$ cat structure_28.txt   # compact mmCIF, C-alpha atoms
# COMPACT_ATOMS: atom_id res chain seq x y z
CA MET A 1 17.67 -15.41 -42.88
CA ASN A 2 15.01 -13.40 -41.00
CA LYS A 3 12.27 -15.02 -43.09
CA ILE A 4 13.54 -18.49 -42.21
CA PHE A 5 13.67 -17.61 -38.50
CA SER A 6 10.12 -16.18 -38.62
CA PHE A 7 8.89 -19.29 -40.39
CA LEU A 8 10.48 -21.59 -37.80
CA LEU A 9 9.05 -19.48 -34.98
CA LEU A 10 5.60 -19.71 -36.54
CA ILE A 11 5.89 -23.51 -36.70
CA VAL A 12 6.88 -23.64 -33.02
CA LEU A 13 3.96 -21.39 -32.05
CA LEU A 14 1.47 -23.42 -34.06
CA ALA A 15 2.78 -26.65 -32.52
CA SER A 16 2.46 -25.11 -29.07
CA CYS A 17 -1.11 -24.01 -29.72
CA ASN A 18 -1.95 -27.42 -31.09
CA GLN A 19 -0.47 -29.11 -28.00
CA TYR A 20 -2.45 -26.80 -25.76
CA GLN A 21 -5.74 -27.47 -27.55
CA LYS A 22 -5.14 -31.21 -27.41
CA ALA A 23 -4.33 -31.03 -23.70
CA LEU A 24 -7.52 -29.08 -22.99
CA LYS A 25 -9.62 -31.79 -24.65
CA SER A 26 -7.65 -34.70 -23.19
CA ASP A 27 -8.85 -36.76 -20.23
CA ASP A 28 -5.27 -37.74 -19.41
CA VAL A 29 -4.06 -35.83 -16.31
CA ALA A 30 -0.41 -36.47 -17.21
CA VAL A 31 -0.89 -34.94 -20.66
CA LYS A 32 -2.60 -31.88 -19.20
CA THR A 33 0.09 -31.47 -16.52
CA ASP A 34 2.94 -31.76 -19.00
CA ALA A 35 1.29 -29.18 -21.26
CA ALA A 36 0.64 -26.87 -18.31
CA ASN A 37 4.29 -27.01 -17.25
CA LYS A 38 5.41 -26.30 -20.81
CA MET A 39 3.05 -23.33 -21.03
CA TYR A 40 4.43 -22.07 -17.71
CA GLU A 41 8.06 -22.40 -18.85
CA ALA A 42 7.20 -20.62 -22.10
CA GLY A 43 5.65 -17.72 -20.18
CA LYS A 44 2.12 -18.49 -21.41
CA TYR A 45 0.68 -18.14 -17.96
CA LEU A 46 -3.00 -17.74 -18.82
CA LYS A 47 -2.95 -21.04 -20.67
CA ALA A 48 -0.99 -22.65 -17.82
CA ILE A 49 -3.57 -21.40 -15.32
CA ARG A 50 -6.44 -22.97 -17.24
CA LEU A 51 -4.69 -26.34 -17.37
CA TYR A 52 -3.52 -26.24 -13.74
CA GLU A 53 -7.07 -25.56 -12.63
CA GLN A 54 -8.26 -28.62 -14.55
CA VAL A 55 -5.69 -31.02 -13.04
CA ALA A 56 -5.54 -29.63 -9.49
CA PRO A 57 -8.27 -31.92 -8.04
CA ALA A 58 -6.37 -35.01 -9.28
CA TYR A 59 -3.26 -34.05 -7.28
CA LYS A 60 -4.95 -33.25 -4.00
CA GLY A 61 -2.97 -34.85 -1.17
CA LYS A 62 -0.20 -36.06 -3.47
CA PRO A 63 3.50 -35.03 -3.31
CA GLN A 64 3.37 -33.51 -6.82
CA ALA A 65 0.75 -31.01 -5.63
CA GLU A 66 3.36 -28.79 -3.97
CA ARG A 67 5.19 -27.92 -7.20
CA LEU A 68 1.95 -27.59 -9.16
CA PHE A 69 0.40 -25.36 -6.49
CA PHE A 70 3.42 -23.02 -6.51
CA MET A 71 3.55 -22.77 -10.31
CA TYR A 72 -0.18 -22.10 -10.43
CA SER A 73 0.18 -19.31 -7.85
CA LYS A 74 3.15 -17.86 -9.70
CA SER A 75 1.15 -17.91 -12.94
CA LEU A 76 -1.59 -15.87 -11.27
CA TYR A 77 1.08 -13.47 -10.00
CA ASN A 78 2.67 -13.12 -13.44
CA THR A 79 -0.70 -12.26 -14.98
CA LYS A 80 -1.23 -9.57 -12.29
CA GLN A 81 -4.18 -11.32 -10.69
CA TYR A 82 -2.92 -10.11 -7.33
CA TYR A 83 -5.99 -10.83 -5.19
CA LEU A 84 -6.06 -14.46 -6.30
CA ALA A 85 -2.28 -14.83 -6.28
CA GLY A 86 -1.95 -13.40 -2.77
CA TYR A 87 -4.63 -15.77 -1.50
CA GLN A 88 -3.01 -18.79 -3.20
CA PHE A 89 0.52 -17.96 -2.00
CA GLU A 90 -0.74 -17.62 1.58
CA ASN A 91 -2.49 -20.98 1.24
CA PHE A 92 0.73 -22.49 -0.12
CA ALA A 93 2.78 -21.14 2.82
CA ALA A 94 0.22 -22.53 5.28
CA SER A 95 -0.12 -25.90 3.51
CA TYR A 96 3.61 -26.54 3.04
CA PRO A 97 5.41 -25.15 6.12
CA LYS A 98 8.55 -27.19 5.35
CA SER A 99 8.71 -26.36 1.66
CA GLU A 100 11.89 -24.74 0.34
CA LYS A 101 9.57 -22.40 -1.54
CA ARG A 102 7.67 -21.27 1.57
CA GLU A 103 9.68 -18.10 2.19
CA GLU A 104 9.41 -17.06 -1.45
CA ALA A 105 5.69 -17.81 -1.47
CA TYR A 106 5.19 -15.82 1.74
CA PHE A 107 7.07 -12.86 0.29
CA LEU A 108 5.21 -12.99 -3.02
CA ALA A 109 1.94 -13.01 -1.09
CA THR A 110 2.99 -9.83 0.72
CA GLU A 111 4.12 -8.33 -2.59
CA CYS A 112 0.66 -9.00 -4.02
CA PHE A 113 -0.94 -7.04 -1.18
CA TYR A 114 1.61 -4.27 -1.69
CA LYS A 115 0.71 -4.06 -5.39
CA LEU A 116 -2.99 -3.83 -4.48
CA SER A 117 -2.37 -0.69 -2.42
CA PRO A 118 -3.99 2.24 -4.29
CA VAL A 119 -2.77 5.82 -4.69
CA TYR A 120 -2.94 7.84 -1.47
CA SER A 121 -6.01 9.83 -2.56
CA LEU A 122 -8.20 6.70 -2.54
CA ASP A 123 -9.42 4.62 0.39
CA GLN A 124 -6.39 3.18 2.18
CA THR A 125 -7.88 -0.04 3.61
CA ASP A 126 -5.76 -2.13 1.24
CA THR A 127 -2.66 -0.11 2.15
CA GLU A 128 -3.18 -0.80 5.85
CA LYS A 129 -3.69 -4.48 5.06
CA ALA A 130 -0.54 -4.55 2.91
CA LEU A 131 1.51 -2.89 5.65
CA GLU A 132 0.30 -5.47 8.16
CA LYS A 133 1.20 -8.33 5.78
CA VAL A 134 4.68 -7.00 4.96
CA GLN A 135 5.46 -6.34 8.62
CA LYS A 136 4.40 -9.88 9.50
CA PHE A 137 6.74 -11.25 6.82
CA ILE A 138 9.63 -9.22 8.29
CA ASP A 139 8.83 -10.56 11.77
CA ILE A 140 8.83 -14.17 10.54
CA TYR A 141 11.88 -13.84 8.26
CA PRO A 142 14.11 -11.12 9.78
CA ASN A 143 17.14 -12.39 7.84
CA SER A 144 15.40 -12.97 4.53
CA GLU A 145 17.07 -12.18 1.22
CA TYR A 146 13.87 -10.26 0.46
CA LEU A 147 14.30 -8.00 3.51
CA PRO A 148 15.58 -4.91 1.59
CA LYS A 149 12.52 -5.06 -0.66
CA ALA A 150 10.19 -5.63 2.29
CA ASN A 151 11.65 -2.66 4.17
CA ALA A 152 11.26 -0.47 1.09
CA TYR A 153 7.61 -1.53 0.86
CA VAL A 154 7.02 -0.68 4.52
CA LYS A 155 8.51 2.78 4.00
CA GLU A 156 6.42 3.44 0.89
CA LEU A 157 3.19 2.18 2.45
CA ARG A 158 3.70 4.23 5.62
CA GLU A 159 4.42 7.35 3.57
CA LYS A 160 1.20 6.76 1.65
CA LEU A 161 -0.83 6.50 4.87
CA GLU A 162 0.97 9.58 6.19
CA LYS A 163 0.16 11.58 3.06
CA LYS A 164 -3.47 10.46 3.25
CA ALA A 165 -3.77 11.51 6.91
CA PHE A 166 -2.23 14.91 6.16
CA GLU A 167 -4.53 15.55 3.21
CA ILE A 168 -7.60 14.59 5.26
CA ALA A 169 -6.61 17.06 7.99
CA LYS A 170 -5.95 19.73 5.38
CA GLN A 171 -9.34 19.06 3.79
CA TYR A 172 -11.09 19.79 7.11
CA ASN A 173 -9.33 23.16 7.10
CA SER A 174 -10.36 23.81 3.47
CA ILE A 175 -14.05 23.24 4.19
CA ALA A 176 -13.87 25.45 7.32
CA ASP A 177 -14.47 22.59 9.76
CA TYR A 178 -11.86 24.00 12.11
CA LYS A 179 -12.70 21.77 15.07
CA GLY A 180 -12.33 18.73 12.86
CA ALA A 181 -9.10 20.14 11.41
CA LEU A 182 -7.58 20.73 14.84
CA LYS A 183 -8.38 17.20 15.97
CA ALA A 184 -7.04 15.73 12.71
CA PHE A 185 -3.81 17.75 12.87
CA GLU A 186 -3.27 16.87 16.53
CA ASN A 187 -3.66 13.18 15.69
CA PHE A 188 -1.43 13.53 12.62
CA LEU A 189 1.39 15.23 14.56
CA SER A 190 1.12 12.62 17.31
CA ASP A 191 1.07 9.65 14.92
CA TYR A 192 3.83 10.95 12.62
CA PRO A 193 6.28 13.00 14.74
CA GLY A 194 9.04 12.77 12.13
CA THR A 195 6.85 13.59 9.14
CA PRO A 196 8.22 15.73 6.29
CA PHE A 197 4.83 17.49 6.40
CA LYS A 198 5.41 18.76 9.94
CA GLU A 199 5.95 22.42 9.04
CA GLN A 200 2.79 22.47 6.94
CA ALA A 201 0.82 20.60 9.60
CA LEU A 202 1.92 23.04 12.32
CA TYR A 203 0.98 26.00 10.14
CA PHE A 204 -2.44 24.67 9.16
CA ARG A 205 -3.10 23.77 12.80
CA LEU A 206 -2.35 27.42 13.67
CA ASP A 207 -4.56 28.59 10.82
CA SER A 208 -7.42 26.36 12.01
CA ALA A 209 -7.00 27.41 15.66
CA TYR A 210 -6.86 31.08 14.67
CA LYS A 211 -10.00 30.96 12.52
CA LEU A 212 -11.90 28.97 15.14
CA ALA A 213 -10.94 31.49 17.84
CA ILE A 214 -11.70 34.63 15.83
CA ASN A 215 -15.14 33.34 14.86
CA SER A 216 -15.85 31.89 18.29
CA VAL A 217 -18.71 32.69 20.66
CA GLU A 218 -17.61 35.18 23.30
CA TYR A 219 -17.46 32.85 26.31
CA LYS A 220 -15.05 30.47 24.51
CA LYS A 221 -13.00 33.11 22.75
CA GLN A 222 -10.26 33.75 25.33
CA GLU A 223 -9.47 30.07 25.74
CA ARG A 224 -9.38 29.50 21.99
CA LEU A 225 -7.25 32.58 21.36
CA SER A 226 -4.75 31.38 23.97
CA TYR A 227 -4.63 27.97 22.32
CA ALA A 228 -4.13 29.57 18.90
CA LYS A 229 -1.22 31.57 20.34
CA SER A 230 0.36 28.36 21.64
CA THR A 231 0.14 26.80 18.16
CA TYR A 232 2.01 29.83 16.81
CA VAL A 233 4.74 29.29 19.43
CA ASN A 234 4.99 25.60 18.46
CA LEU A 235 5.41 26.48 14.78
CA MET A 236 8.17 28.99 15.58
CA LYS A 237 9.93 26.55 17.90
CA PHE A 238 9.99 24.01 15.11
CA LYS A 239 11.15 26.45 12.43
CA SER A 240 11.67 30.12 13.25
CA ASP A 241 12.29 31.00 9.58
CA THR A 242 9.25 29.08 8.32
CA ARG A 243 7.97 29.96 4.86
CA TYR A 244 4.67 30.77 6.57
CA LYS A 245 6.20 33.38 8.90
CA ALA A 246 4.55 36.46 7.38
CA SER A 247 1.09 34.89 7.55
CA ALA A 248 1.72 33.44 11.02
CA ASP A 249 2.97 36.80 12.37
CA GLN A 250 -0.11 38.51 11.01
CA MET A 251 -2.34 35.99 12.80
CA LEU A 252 -0.37 36.44 16.03
CA GLY A 253 -0.87 40.22 15.85
CA THR A 254 -4.64 39.77 15.60
CA ILE A 255 -4.64 37.15 18.38
CA GLU A 256 -2.75 39.45 20.80
CA GLN A 257 -5.00 42.37 19.90
CA GLU A 258 -8.09 40.27 20.59
CA LEU A 259 -6.65 38.97 23.87
CA GLN A 260 -6.14 42.50 25.18
CA GLN A 261 -9.86 42.90 25.76
CA PHE A 262 -9.73 40.07 28.28
CA SER A 263 -6.92 41.68 30.31
CA LYS A 264 -8.87 44.83 31.12

$ encode --input "structure_28.txt" --output "structure tokens"
Amino acid sequence: MNKIFSFLLLIVLLASCNQYQKALKSDDVAVKTDAANKMYEAGKYLKAIRLYEQVAPAYKGKPQAERLFFMYSKSLYNTKQYYLAGYQFENFAASYPKSEKREEAYFLATECFYKLSPVYSLDQTDTEKALEKVQKFIDIYPNSEYLPKANAYVKELREKLEKKAFEIAKQYNSIADYKGALKAFENFLSDYPGTPFKEQALYFRLDSAYKLAINSVEYKKQERLSYAKSTYVNLMKFKSDTRYKASADQMLGTIEQELQQFSK
């Protein structure tokens, strides 16, 4: 029974390939379009794409172009050609503002940009672009059936940018650029007040302020020590039983000892 099924499947596949090859060589737009649609329905998107690209000029300005344009864009999406698919879906949404497929096309465009967002350790230009696109979709379609997905994408993209910003600030501390670290941590804490990295950010800001003050030139030392002490207070206000307490207390002891020389 399995052999018969395999044989029949082979016949179907060979017939499909034969139809595709004939359509490629044909000058008949209708033949090419019919074959393209069949390839699309069968999930053979790369073959569908090739045929759609051949017939597209013939449908320019015609009513049939809308359906063809959407299926072509969806084929690009299904083959993970996200740059091209995102561009085509956006063009579709702009070209057919009254289409029943416009909302879906708009969402799939934003999903393409979301999928192009890299891991947090890489450059986040595409993540920022994706966040902008998804937020725009939410603004245009606040009651969309795709809203739960869109909101989840916004959360994930923001967390990625947040993680990137934190790691950049931490890197400044690691390479002993304490001025750069302080500025980066101040910006991070201002931009992401509810961040799950807040305890770490407050501690590394203290660490950066402490090391900058201790190694400072004499005429700037008192001011920098006082600032470092204030960063300790901020950490303790946020979490008095912080996991960094032992290290933070040790830094505070040195800060207060150093400040004594300025009270004489």

$ residues_around --input "structure_28.txt" --residues "Glu256 in chain A" --least-positions-apart "5" --cutoff "9 Å" --atoms "only C-alpha atoms" --output "mmCIF file with C-alpha atoms, keeping the file's coordinate frame"
data_model
loop_
_atom_site.group_PDB
_atom_site.id
_atom_site.type_symbol
_atom_site.label_atom_id
_atom_site.label_comp_id
_atom_site.auth_asym_id
_atom_site.auth_seq_id
_atom_site.Cartn_x
_atom_site.Cartn_y
_atom_site.Cartn_z
ATOM 1 C CA LEU A 225 -7.250 32.580 21.360
ATOM 2 C CA SER A 226 -4.750 31.380 23.970
ATOM 3 C CA LYS A 229 -1.220 31.570 20.340
ATOM 4 C CA MET A 251 -2.340 35.990 12.800
#

$ closest_residue --input "structure_28.txt" --among "A:Tyr120, A:Phe107, A:Tyr114, A:Phe238" --to "Ile138 in chain A" --atoms "only C-alpha atoms"
A:Phe107

$ residues_around --input "structure_28.txt" --residues "Ala228 in chain A" --least-positions-apart "6" --cutoff "12 Å" --atoms "only C-alpha atoms" --output "ChimeraX atom specification"
/A:178,182,202-214,216,221-222,234-235,248,251-256,258-259

$ atom_distance --input "structure_28.txt" --atom1 "CA of Met71 in chain A" --atom2 "CA of Tyr40 in chain A"
7.5 Å

$ atom_distance --input "structure_28.txt" --atom1 "CA of Ala169 in chain A" --atom2 "CA of Ala184 in chain A"
4.9 Å

$ closest_residue --input "structure_28.txt" --among "A:Thr110, A:Ser190, A:Gln171, A:Thr79" --to "Ala93 in chain A" --atoms "only C-alpha atoms"
A:Thr110

$ closest_residue --input "structure_28.txt" --among "A:Glu218, A:Glu90, A:Glu199, A:Glu53" --to "Asp241 in chain A" --atoms "only C-alpha atoms"
A:Glu199

$ residues_around --input "structure_28.txt" --residues "Arg67 in chain A" --least-positions-apart "2" --cutoff "12 Å" --atoms "only C-alpha atoms" --output "list in words"
Thr33, Asn37, Tyr52, Ala56, Tyr59, Lys60, Lys62, Pro63, Gln64, Ala65, Phe69, Phe70, Met71, Tyr72, Ser73, Lys74, Phe92, Tyr96, Ser99, Glu100, Lys101, Arg102 and Ala105 of chain A

$ atom_distance --input "structure_28.txt" --atom1 "CA of Pro142 in chain A" --atom2 "CA of Tyr106 in chain A"
12.9 Å

$ residues_around --input "structure_28.txt" --residues "Gln135 in chain A" --least-positions-apart "5" --cutoff "12 Å" --atoms "only C-alpha atoms" --output "list in words"
Tyr106, Phe107, Thr110, Glu111, Phe113, Tyr114, Glu128, Lys129, Ala130, Ile140, Tyr141, Pro142, Leu147, Lys149, Ala150, Asn151, Ala152, Tyr153, Val154, Lys155, Leu157 and Arg158 of chain A

$ closest_residue --input "structure_28.txt" --among "A:Leu46, A:Pro97, A:Leu84, A:Asp177" --to "Ala109 in chain A" --atoms "only C-alpha atoms"
A:Leu84

$ closest_residue --input "structure_28.txt" --among "A:Val29, A:Ala36, A:Leu131, A:Cys112" --to "Gly86 in chain A" --atoms "only C-alpha atoms"
A:Cys112
